[in-house]
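Student: Pasting upload.tsv here (TSV, C-alpha atoms):
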chain	number	residue	atom	x	y	z
P	1	MET	CA	-78.25	28.23	46.35
P	2	GLY	CA	-76.67	25.93	48.90
P	3	LEU	CA	-77.49	22.24	48.71
P	4	GLU	CA	-81.19	22.69	48.01
P	5	LYS	CA	-82.46	20.88	44.96
P	6	ILE	CA	-82.37	22.65	41.60
P	7	ARG	CA	-86.05	23.09	40.74
P	8	ILE	CA	-86.63	22.40	37.06
P	9	GLY	CA	-89.49	23.39	34.79
P	10	MET	CA	-90.13	21.36	31.62
P	11	ILE	CA	-91.49	23.13	28.54
P	12	GLY	CA	-92.76	20.44	26.18
P	13	ALA	CA	-94.25	17.15	27.36
P	14	GLY	CA	-93.80	15.15	24.15
P	15	ALA	CA	-91.40	12.26	23.53
P	16	ILE	CA	-88.13	14.09	24.25
P	17	GLY	CA	-89.65	16.04	27.15
P	18	ASN	CA	-90.75	12.76	28.67
P	19	VAL	CA	-87.17	11.45	28.47
P	20	HIS	CA	-85.86	14.54	30.30
P	21	MET	CA	-88.55	14.29	32.99
P	22	GLU	CA	-87.71	10.64	33.60
P	23	VAL	CA	-83.98	11.38	33.85
P	24	PHE	CA	-84.14	14.52	36.00
P	25	SER	CA	-86.72	13.03	38.37
P	26	HIS	CA	-84.01	10.46	39.20
P	27	THR	CA	-81.05	12.87	39.26
P	28	GLU	CA	-79.57	13.73	42.64
P	29	GLY	CA	-79.78	17.43	43.44
P	30	ALA	CA	-82.62	18.06	40.97
P	31	GLU	CA	-86.39	18.11	41.14
P	32	VAL	CA	-88.80	18.41	38.21
P	33	ALA	CA	-91.11	20.93	39.84
P	34	ALA	CA	-93.34	22.02	36.93
P	35	VAL	CA	-94.34	21.10	33.38
P	36	THR	CA	-96.28	22.73	30.57
P	37	ASP	CA	-97.29	21.83	27.02
P	38	VAL	CA	-99.47	23.39	24.32
P	39	TYR	CA	-101.65	20.31	24.79
P	40	LEU	CA	-102.42	20.62	28.49
P	41	PRO	CA	-103.85	17.09	29.01
P	42	LEU	CA	-100.45	15.67	28.02
P	43	ALA	CA	-98.69	17.90	30.56
P	44	GLN	CA	-101.18	16.73	33.21
P	45	GLN	CA	-100.54	13.09	32.26
P	46	ARG	CA	-96.76	13.55	32.54
P	47	ALA	CA	-97.15	15.29	35.89
P	48	GLN	CA	-99.04	12.28	37.20
P	49	GLU	CA	-96.51	9.81	35.73
P	50	HIS	CA	-93.46	11.58	37.17
P	51	GLY	CA	-94.89	13.01	40.39
P	52	ILE	CA	-94.58	16.64	39.24
P	53	LYS	CA	-96.44	19.03	41.55
P	54	LYS	CA	-97.29	21.89	39.16
P	55	VAL	CA	-98.80	22.02	35.69
P	56	HIS	CA	-98.65	25.50	34.18
P	57	GLU	CA	-101.13	26.60	31.53
P	58	SER	CA	-98.46	28.24	29.36
P	59	PRO	CA	-94.68	28.57	28.98
P	60	GLN	CA	-95.01	32.20	30.08
P	61	ALA	CA	-96.67	31.15	33.35
P	62	LEU	CA	-93.93	28.59	33.98
P	63	LEU	CA	-91.18	31.13	33.26
P	64	GLU	CA	-92.78	33.63	35.65
P	65	ASP	CA	-92.84	31.04	38.45
P	66	ASP	CA	-90.19	32.22	40.91
P	67	GLN	CA	-90.04	28.71	42.39
P	68	ILE	CA	-88.32	27.48	39.21
P	69	ASP	CA	-84.50	27.71	38.98
P	70	ALA	CA	-83.88	26.11	35.60
P	71	VAL	CA	-85.82	25.26	32.47
P	72	ILE	CA	-85.56	22.47	29.89
P	73	ILE	CA	-86.96	23.26	26.45
P	74	GLY	CA	-88.09	20.31	24.33
P	75	VAL	CA	-90.41	21.72	21.68
P	76	PRO	CA	-90.32	22.03	17.86
P	77	ASN	CA	-87.21	23.84	16.61
P	78	LYS	CA	-89.13	26.90	15.42
P	79	PHE	CA	-89.94	27.87	19.01
P	80	HIS	CA	-86.48	27.36	20.54
P	81	ALA	CA	-85.22	30.94	20.21
P	82	GLU	CA	-88.32	32.71	21.51
P	83	LEU	CA	-88.64	30.44	24.56
P	84	ALA	CA	-84.90	30.20	25.26
P	85	ILE	CA	-84.43	33.99	25.23
P	86	ALA	CA	-87.51	34.46	27.42
P	87	ALA	CA	-86.25	31.86	29.91
P	88	LEU	CA	-82.81	33.49	30.17
P	89	GLN	CA	-84.29	36.98	30.51
P	90	GLN	CA	-86.51	35.63	33.26
P	91	GLY	CA	-83.35	34.55	35.13
P	92	LYS	CA	-83.63	30.82	34.54
P	93	HIS	CA	-80.75	28.47	33.78
P	94	LEU	CA	-81.41	26.60	30.56
P	95	LEU	CA	-80.92	23.15	29.06
P	96	LEU	CA	-81.92	23.44	25.40
P	97	GLU	CA	-82.71	20.55	23.08
P	98	LYS	CA	-80.79	20.38	19.82
P	99	PRO	CA	-80.57	22.05	17.40
P	100	MET	CA	-79.98	25.30	19.26
P	101	ALA	CA	-82.26	27.18	16.86
P	102	ILE	CA	-83.82	27.07	13.42
P	103	ASN	CA	-80.86	29.05	12.02
P	104	ALA	CA	-77.56	30.60	13.09
P	105	GLU	CA	-78.95	34.11	13.56
P	106	GLU	CA	-81.47	32.91	16.14
P	107	ALA	CA	-78.77	30.79	17.79
P	108	ARG	CA	-76.57	33.90	18.10
P	109	LEU	CA	-79.42	35.78	19.80
P	110	ILE	CA	-79.85	32.95	22.33
P	111	ASP	CA	-76.14	32.94	23.10
P	112	GLU	CA	-76.16	36.73	23.57
P	113	ALA	CA	-79.15	36.46	25.91
P	114	ALA	CA	-77.27	33.87	27.97
P	115	LYS	CA	-74.20	36.10	28.26
P	116	ALA	CA	-76.34	39.08	29.27
P	117	SER	CA	-78.24	37.03	31.88
P	118	GLY	CA	-75.20	35.41	33.48
P	119	LYS	CA	-77.16	32.15	33.60
P	120	ILE	CA	-76.05	28.70	32.48
P	121	LEU	CA	-76.93	27.78	28.89
P	122	MET	CA	-76.29	24.15	28.01
P	123	MET	CA	-77.06	22.24	24.82
P	124	SER	CA	-78.56	18.77	25.08
P	125	HIS	CA	-75.93	16.80	23.13
P	126	GLN	CA	-75.98	13.58	25.12
P	127	MET	CA	-73.75	11.69	22.64
P	128	ARG	CA	-70.69	13.35	24.19
P	129	TRP	CA	-71.38	11.33	27.36
P	130	THR	CA	-71.82	7.83	25.91
P	131	PRO	CA	-69.46	5.19	27.35
P	132	LEU	CA	-67.63	4.94	24.01
P	133	SER	CA	-67.41	8.69	23.45
P	134	ARG	CA	-65.84	9.13	26.88
P	135	ALA	CA	-63.36	6.30	26.26
P	136	VAL	CA	-62.37	7.75	22.88
P	137	LYS	CA	-62.04	11.27	24.30
P	138	ALA	CA	-59.73	9.95	27.04
P	139	MET	CA	-57.47	8.34	24.41
P	140	ILE	CA	-57.41	11.54	22.35
P	141	ASP	CA	-56.59	13.62	25.44
P	142	ASN	CA	-53.80	11.13	26.18
P	143	GLY	CA	-52.25	11.92	22.78
P	144	ASP	CA	-52.88	8.47	21.27
P	145	LEU	CA	-54.08	9.94	17.96
P	146	GLY	CA	-51.69	12.87	17.65
P	147	HIS	CA	-53.08	15.64	15.45
P	148	ILE	CA	-56.50	14.67	14.02
P	149	TYR	CA	-56.38	16.02	10.47
P	150	ASN	CA	-59.26	14.19	8.80
P	151	ALA	CA	-62.59	12.80	9.96
P	152	LYS	CA	-65.70	11.22	8.46
P	153	ALA	CA	-68.98	11.26	10.34
P	154	GLY	CA	-72.57	10.41	9.61
P	155	TRP	CA	-75.79	8.63	10.33
P	156	LEU	CA	-77.48	6.97	7.36
P	157	ARG	CA	-81.00	5.85	8.15
P	158	LYS	CA	-82.41	3.84	5.26
P	159	LYS	CA	-86.09	4.09	6.19
P	160	GLY	CA	-86.43	6.57	9.03
P	161	ILE	CA	-88.42	9.68	8.08
P	162	PRO	CA	-90.04	10.84	11.36
P	163	GLY	CA	-93.59	12.15	11.66
P	164	TRP	CA	-94.26	12.64	7.94
P	165	GLY	CA	-96.29	15.83	7.44
P	166	SER	CA	-95.74	16.99	11.05
P	167	TRP	CA	-93.37	19.79	12.15
P	168	PHE	CA	-90.44	17.40	11.56
P	169	THR	CA	-90.85	17.56	7.78
P	170	ARG	CA	-91.76	21.24	7.38
P	171	MET	CA	-88.83	23.58	6.77
P	172	GLU	CA	-90.57	26.57	8.36
P	173	GLN	CA	-91.00	24.70	11.67
P	174	SER	CA	-87.95	22.42	11.78
P	175	GLY	CA	-85.30	24.30	9.81
P	176	GLY	CA	-84.47	21.17	7.82
P	177	GLY	CA	-84.52	17.38	7.66
P	178	PRO	CA	-81.93	14.81	8.77
P	179	LEU	CA	-79.15	17.38	8.61
P	180	ILE	CA	-80.58	19.50	11.44
P	181	ASP	CA	-82.19	16.51	13.20
P	182	ILE	CA	-79.49	13.83	13.47
P	183	GLY	CA	-76.66	15.50	11.54
P	184	VAL	CA	-76.31	18.06	14.33
P	185	HIS	CA	-75.42	15.23	16.76
P	186	MET	CA	-72.69	13.91	14.47
P	187	LEU	CA	-71.35	17.42	13.81
P	188	ASP	CA	-71.24	18.16	17.52
P	189	LEU	CA	-69.56	14.93	18.58
P	190	SER	CA	-66.98	14.86	15.78
P	191	GLN	CA	-65.97	18.49	16.33
P	192	TYR	CA	-65.67	17.83	20.07
P	193	LEU	CA	-63.43	14.80	19.49
P	194	MET	CA	-61.36	16.78	16.96
P	195	GLY	CA	-60.61	19.38	19.66
P	196	SER	CA	-63.29	21.94	18.71
P	197	PRO	CA	-61.51	23.67	15.80
P	198	LYS	CA	-63.42	26.51	14.13
P	199	PRO	CA	-65.09	25.71	10.78
P	200	ILE	CA	-63.96	28.17	8.09
P	201	SER	CA	-65.28	26.72	4.82
P	202	VAL	CA	-68.27	24.50	3.99
P	203	TYR	CA	-69.30	22.78	0.77
P	204	GLY	CA	-72.45	20.68	0.71
P	205	SER	CA	-75.48	19.27	-1.08
P	206	THR	CA	-78.93	18.23	0.08
P	207	TYR	CA	-81.40	15.93	-1.67
P	208	SER	CA	-85.11	15.17	-1.32
P	209	GLU	CA	-85.83	11.96	-3.18
P	210	PHE	CA	-88.04	9.89	-0.86
P	211	GLY	CA	-90.04	12.17	1.45
P	212	PRO	CA	-92.10	13.93	-1.26
P	213	GLN	CA	-93.19	10.48	-2.49
P	214	ARG	CA	-94.15	9.40	1.04
P	215	ARG	CA	-91.51	6.68	0.93
P	216	GLY	CA	-88.92	5.86	3.59
P	217	ILE	CA	-91.29	6.47	6.52
P	218	GLY	CA	-89.89	5.51	9.94
P	219	SER	CA	-91.53	4.74	13.29
P	220	TRP	CA	-90.64	7.93	15.23
P	221	GLY	CA	-93.25	10.67	15.55
P	222	THR	CA	-96.89	10.76	14.48
P	223	PRO	CA	-97.63	11.22	10.75
P	224	ASP	CA	-99.99	13.96	9.57
P	225	TRP	CA	-101.12	12.84	6.13
P	226	ASN	CA	-102.79	16.23	5.62
P	227	GLY	CA	-99.39	17.87	6.08
P	228	PHE	CA	-96.48	18.14	3.67
P	229	TYR	CA	-92.76	17.42	3.22
P	230	ASP	CA	-90.40	20.19	2.08
P	231	VAL	CA	-87.09	19.25	3.73
P	232	GLU	CA	-84.16	17.11	2.57
P	233	ASP	CA	-83.89	13.38	3.20
P	234	LEU	CA	-80.11	13.19	2.57
P	235	ALA	CA	-77.25	15.66	3.02
P	236	SER	CA	-73.54	15.46	2.26
P	237	ALA	CA	-70.88	18.04	3.17
P	238	LEU	CA	-67.17	18.73	3.47
P	239	ILE	CA	-66.08	21.12	6.24
P	240	LYS	CA	-62.61	22.71	6.46
P	241	MET	CA	-61.33	23.77	9.89
P	242	ASP	CA	-59.04	26.62	10.92
P	243	ASN	CA	-56.31	24.14	11.94
P	244	GLY	CA	-56.26	22.55	8.47
P	245	ALA	CA	-58.36	19.53	9.39
P	246	THR	CA	-61.31	18.37	7.30
P	247	LEU	CA	-64.59	16.74	8.30
P	248	SER	CA	-66.90	15.02	5.82
P	249	LEU	CA	-70.51	14.47	6.86
P	250	GLU	CA	-73.27	12.27	5.43
P	251	VAL	CA	-76.71	11.91	6.96
P	252	SER	CA	-80.06	10.61	5.78
P	253	TRP	CA	-83.55	9.75	6.93
P	254	ALA	CA	-84.13	7.63	3.82
P	255	ALA	CA	-81.58	6.32	1.32
P	256	HIS	CA	-80.64	3.24	-0.67
P	257	ALA	CA	-77.38	3.07	1.30
P	258	ALA	CA	-76.54	-0.52	0.37
P	259	GLY	CA	-73.91	-2.12	2.57
P	260	LEU	CA	-73.50	0.92	4.82
P	261	PRO	CA	-74.29	0.69	8.55
P	262	GLU	CA	-77.42	2.41	9.81
P	263	ALA	CA	-75.70	3.19	13.10
P	264	PRO	CA	-74.11	6.60	13.73
P	265	PHE	CA	-70.41	6.56	12.79
P	266	ILE	CA	-67.25	8.62	13.18
P	267	TYR	CA	-63.84	7.84	11.70
P	268	LEU	CA	-60.96	9.89	13.13
P	269	MET	CA	-57.60	9.91	11.34
P	270	GLY	CA	-54.63	11.24	13.27
P	271	THR	CA	-50.87	11.44	12.86
P	272	LYS	CA	-50.25	8.78	15.53
P	273	GLY	CA	-53.38	6.64	15.25
P	274	GLY	CA	-56.96	6.39	14.10
P	275	ILE	CA	-60.28	5.49	15.68
P	276	SER	CA	-63.56	4.25	14.23
P	277	ILE	CA	-66.81	4.46	16.17
P	278	VAL	CA	-69.72	2.61	14.56
P	279	GLY	CA	-72.77	2.29	16.76
P	280	LYS	CA	-71.60	0.76	20.04
P	281	GLN	CA	-68.26	-0.54	18.78
P	282	ALA	CA	-64.98	1.35	18.52
P	283	THR	CA	-61.56	0.35	17.20
P	284	PHE	CA	-58.14	1.95	17.55
P	285	GLU	CA	-55.54	1.53	14.82
P	286	THR	CA	-51.86	2.48	14.65
P	287	TYR	CA	-48.49	1.35	13.31
P	288	GLU	CA	-46.06	-0.78	15.26
P	289	GLY	CA	-42.96	-0.64	13.07
P	290	ASP	CA	-44.33	-1.35	9.59
P	291	GLU	CA	-47.27	-3.36	10.85
P	292	VAL	CA	-50.83	-2.08	11.24
P	293	ILE	CA	-52.12	-2.95	14.71
P	294	THR	CA	-55.80	-2.74	15.69
P	295	LYS	CA	-57.50	-3.15	19.05
P	296	GLU	CA	-61.05	-2.86	20.32
P	297	ILE	CA	-61.80	0.10	22.59
P	298	GLU	CA	-63.68	-0.82	25.75
P	299	PRO	CA	-66.49	1.55	26.75
P	300	LEU	CA	-65.92	3.36	30.04
P	301	GLU	CA	-68.06	2.17	32.90
P	302	GLY	CA	-70.58	4.56	34.37
P	303	ASP	CA	-74.15	5.68	34.12
P	304	ASP	CA	-76.26	6.21	31.02
P	305	GLU	CA	-75.22	9.28	29.02
P	306	ARG	CA	-78.42	11.18	29.75
P	307	TYR	CA	-77.92	10.83	33.51
P	308	LEU	CA	-74.31	12.00	33.17
P	309	MET	CA	-75.50	14.96	31.11
P	310	ALA	CA	-78.17	15.80	33.70
P	311	ARG	CA	-75.61	15.69	36.53
P	312	HIS	CA	-73.28	17.92	34.50
P	313	PHE	CA	-76.09	20.48	34.09
P	314	VAL	CA	-76.78	20.48	37.85
P	315	ALA	CA	-73.05	20.77	38.63
P	316	CYS	CA	-72.62	23.70	36.21
P	317	ILE	CA	-75.48	25.55	37.92
P	318	ARG	CA	-74.10	24.88	41.42
P	319	GLU	CA	-70.51	25.76	40.53
P	320	GLY	CA	-71.19	28.51	37.99
P	321	LYS	CA	-69.02	26.79	35.36
P	322	GLU	CA	-69.46	26.69	31.60
P	323	PRO	CA	-70.96	23.44	30.31
P	324	ILE	CA	-69.03	21.15	27.97
P	325	THR	CA	-71.86	21.71	25.49
P	326	SER	CA	-71.89	25.51	25.75
P	327	GLY	CA	-73.92	28.06	23.81
P	328	LEU	CA	-70.94	28.54	21.50
P	329	SER	CA	-71.01	24.86	20.55
P	330	GLY	CA	-74.68	25.17	19.61
P	331	TYR	CA	-74.07	28.36	17.62
P	332	THR	CA	-71.12	26.76	15.78
P	333	ASN	CA	-73.32	23.81	14.79
P	334	ASN	CA	-76.03	26.12	13.50
P	335	ARG	CA	-73.52	28.11	11.43
P	336	ILE	CA	-72.32	24.91	9.74
P	337	LEU	CA	-75.90	23.74	9.10
P	338	ASP	CA	-76.83	27.10	7.54
P	339	ALA	CA	-73.71	26.98	5.36
P	340	ILE	CA	-74.52	23.47	4.09
P	341	TYR	CA	-78.03	24.54	3.08
P	342	GLU	CA	-76.69	27.71	1.47
P	343	SER	CA	-73.96	25.81	-0.38
P	344	SER	CA	-76.56	23.36	-1.69
P	345	ARG	CA	-78.72	26.23	-2.95
P	346	THR	CA	-75.88	28.16	-4.60
P	347	GLY	CA	-73.47	25.40	-5.63
P	348	ASP	CA	-70.63	27.38	-4.01
P	349	ALA	CA	-68.37	26.80	-1.04
P	350	ILE	CA	-69.39	29.04	1.89
P	351	LYS	CA	-66.70	30.87	3.88
P	352	LEU	CA	-67.25	31.38	7.60
P	353	ALA	CA	-65.60	34.32	9.37
P	354	TRP	CA	-65.16	34.36	13.17
Any chance you could put this one into structure tokens?

Tutor:
Amino acid sequence: MGLEKIRIGMIGAGAIGNVHMEVFSHTEGAEVAAVTDVYLPLAQQRAQEHGIKKVHESPQALLEDDQIDAVIIGVPNKFHAELAIAALQQGKHLLLEKPMAINAEEARLIDEAAKASGKILMMSHQMRWTPLSRAVKAMIDNGDLGHIYNAKAGWLRKKGIPGWGSWFTRMEQSGGGPLIDIGVHMLDLSQYLMGSPKPISVYGSTYSEFGPQRRGIGSWGTPDWNGFYDVEDLASALIKMDNGATLSLEVSWAAHAAGLPEAPFIYLMGTKGGISIVGKQATFETYEGDEVITKEIEPLEGDDERYLMARHFVACIREGKEPITSGLSGYTNNRILDAIYESSRTGDAIKLAW
């Protein structure tokens, strides 16, 4: 491919698609060359805003365009698998919005399609590239925490149900509520910081106390008051890893979470030290003799996480290397999500075999 620009096609011109178009149009070595959306006027508007030369009438037309090297998919979860598999079979590299798919079986099929195609499949988990995440990862890699044997992660929005009645709140289109929407970010980042152990047992519960009453509505997305709400608005889970470590997870779109921060959080407990990340602040804690010592962790300097993620995607394509957020990471997340929903339905712990 030489040093020519990677020509990118965007499927989905909504809010998240717009973010990707903005980022990749300012990423060295990349060019957003085409866009499509089920609502064509929106695709045309985005093309004008970002200087994109082609607007395709359908995803199929975009995927058949031999001038496109890579595709970004930013559409409702239900359509991830069909479009991702088609893109890979068409010989396109792929950056896929989270969650990988609506369930683990579809995620597995995407991963298999990537392996068969030999193309790059990368998940869009930008939280791994935040200045704090990178600083914390460097400390972990340096051995400052020792063996991380317990972690708590979550994101408790108190009044943040997105797009009530739209695809966000319909199980058949989204695959779930806050667990699959924001919980997947916290799962991904905490597992990454823990060293990517394999989950082997999951116990969880989901609750729907606010959404059905049209309470707890947030500002993201466009409501459809003729629609409905059949997903959870809070989920809680305990995940056991193959190295003995445990991860507890709590996420909500709406909850009376008095006194708890609304920012995403991760607490990592290791044999040598511990780290808390709450929003944009992180603290390291350890013993010096018998005394507990704490210090603030400074974020690493560098670009915004989405630009770093975009550059990583371009570099993986050029160098033929596996992304940090590989297909396996997406599949692992989906397996945990499925197990939490199943555990909530059955009341039993769910075993995961690998």

Student: Write out as JSON, numbers by chain the residues lying within 10 Å of Ser326 (chain P), counting only C-alpha atoms and excluding same-chain residues fewer than 2 positions away.

Tutor: {"P": [95, 111, 120, 121, 122, 123, 124, 125, 322, 323, 324, 328, 329, 330, 331]}

Student: Name the residues in contact with Pro99 (chain P) at a cut-off of 7 Å, using all atoms listed in the file, excluding same-chain residues fewer than 6 positions from it; report them as number ranges by chain.

Tutor: P: 77, 180, 184

Student: So which residues touch Lys158 (chain P) within 12 Å, counting only C-alpha atoms, skipping near sequence neighbours fewer than 5 positions away, as number ranges by chain?

Tutor: P: 178, 210-211, 215-218, 233-234, 251-263

Student: What's the separation between CA of Phe284 (chain P) and CA of Leu145 (chain P), in Å to one decimal place?

Tutor: 9.0 Å

Student: Report as a list in words all protein, DNA and RNA residues lying within 6 Å of Gly9 (chain P), evaluated on only C-alpha atoms, omitting residues in the same chain fewer than 6 positions from it.

Tutor: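 The filter keeps Ala33, Ala34, Val35 and Val71 of chain P.
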
Student: Could you name the residues that touch region 267-273 of chain P at 9 Å or less, counting only C-alpha atoms, but leaving out those on the same chain fewer than 5 positions away, as a PyMOL selection string?

Tutor: chain P and resi 143-153+190+193-194+278+284-287

Student: Please, which residues in region 89-185 of chain P fall within 12 Å of region 341-344 of chain P when counting all atoms listed in the file, and what is the closest atom pair and distance in Å to one decimal for each, ordered by chain then residue number, as a tab-separated table?

Tutor:
residue	atom	partner	partner_atom	distance
P:Asn103	CA	P:Tyr341	CA	10.4
P:Ala104	CA	P:Tyr341	CA	11.7
P:Met171	CA	P:Tyr341	CA	11.5
P:Gly175	CA	P:Tyr341	CA	9.9
P:Gly176	CA	P:Tyr341	CA	8.7
P:Gly177	CA	P:Tyr341	CA	10.7
P:Pro178	CA	P:Tyr341	CA	11.9
P:Leu179	CA	P:Tyr341	CA	9.1
P:Ile180	CA	P:Tyr341	CA	10.1

Student: Could you turn the residues from that selection into a file that holds C-alpha atoms, as a compact mmCIF listing (two decimals), keeping the file's coordinate frame?

Tutor:
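The resulting file, out20.txt, is shown below:
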# COMPACT_ATOMS: atom_id res chain seq x y z
CA ASN P 103 -80.86 29.05 12.02
CA ALA P 104 -77.56 30.60 13.09
CA MET P 171 -88.83 23.58 6.77
CA GLY P 175 -85.30 24.30 9.81
CA GLY P 176 -84.47 21.17 7.82
CA GLY P 177 -84.52 17.38 7.66
CA PRO P 178 -81.93 14.81 8.77
CA LEU P 179 -79.15 17.38 8.61
CA ILE P 180 -80.58 19.50 11.44

Student: Missing atoms in region 174-182 of chain P should be modelled up to all heavy atoms and reported as a tab-separated table (two decimals), in the frame of the given file.

Tutor:
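File produced: result-v6.tsv:
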chain	number	residue	atom	x	y	z
P	174	SER	N	-89.08	23.23	11.32
P	174	SER	CA	-87.95	22.42	11.78
P	174	SER	C	-86.60	23.02	11.40
P	174	SER	O	-85.59	22.77	12.07
P	174	SER	CB	-88.04	21.02	11.19
P	174	SER	OG	-87.95	21.09	9.77
P	175	GLY	N	-86.56	23.77	10.30
P	175	GLY	CA	-85.30	24.30	9.81
P	175	GLY	C	-84.57	23.36	8.87
P	175	GLY	O	-83.56	23.71	8.28
P	176	GLY	N	-85.10	22.13	8.71
P	176	GLY	CA	-84.47	21.17	7.82
P	176	GLY	C	-84.83	19.74	8.19
P	176	GLY	O	-85.62	19.51	9.11
P	177	GLY	N	-84.24	18.80	7.46
P	177	GLY	CA	-84.52	17.38	7.66
P	177	GLY	C	-83.45	16.68	8.48
P	177	GLY	O	-83.10	17.15	9.57
P	178	PRO	N	-82.90	15.58	7.98
P	178	PRO	CA	-81.93	14.81	8.77
P	178	PRO	C	-80.69	15.60	9.13
P	178	PRO	O	-80.05	15.33	10.15
P	178	PRO	CB	-81.58	13.63	7.85
P	178	PRO	CG	-81.96	14.07	6.48
P	178	PRO	CD	-83.14	14.96	6.67
P	179	LEU	N	-80.35	16.60	8.32
P	179	LEU	CA	-79.15	17.38	8.61
P	179	LEU	C	-79.27	18.09	9.96
P	179	LEU	O	-78.36	18.04	10.79
P	179	LEU	CB	-78.91	18.40	7.49
P	179	LEU	CG	-77.64	19.24	7.60
P	179	LEU	CD1	-76.40	18.38	7.67
P	179	LEU	CD2	-77.55	20.21	6.41
P	180	ILE	N	-80.40	18.74	10.19
P	180	ILE	CA	-80.58	19.50	11.44
P	180	ILE	C	-81.10	18.60	12.57
P	180	ILE	O	-80.98	18.93	13.74
P	180	ILE	CB	-81.53	20.70	11.20
P	180	ILE	CG1	-81.31	21.79	12.26
P	180	ILE	CG2	-82.99	20.27	11.14
P	180	ILE	CD1	-81.94	23.13	11.91
P	181	ASP	N	-81.62	17.42	12.21
P	181	ASP	CA	-82.19	16.51	13.20
P	181	ASP	C	-81.13	15.59	13.80
P	181	ASP	O	-80.84	15.64	14.99
P	181	ASP	CB	-83.32	15.69	12.54
P	181	ASP	CG	-83.93	14.67	13.49
P	181	ASP	OD1	-84.04	14.96	14.69
P	181	ASP	OD2	-84.30	13.58	13.03
P	182	ILE	N	-80.51	14.75	12.97
P	182	ILE	CA	-79.49	13.83	13.47
P	182	ILE	C	-78.08	14.25	13.06
P	182	ILE	O	-77.11	13.91	13.73
P	182	ILE	CB	-79.77	12.37	13.03
P	182	ILE	CG1	-79.96	12.27	11.51
P	182	ILE	CG2	-80.98	11.82	13.77
P	182	ILE	CD1	-80.21	10.85	11.01
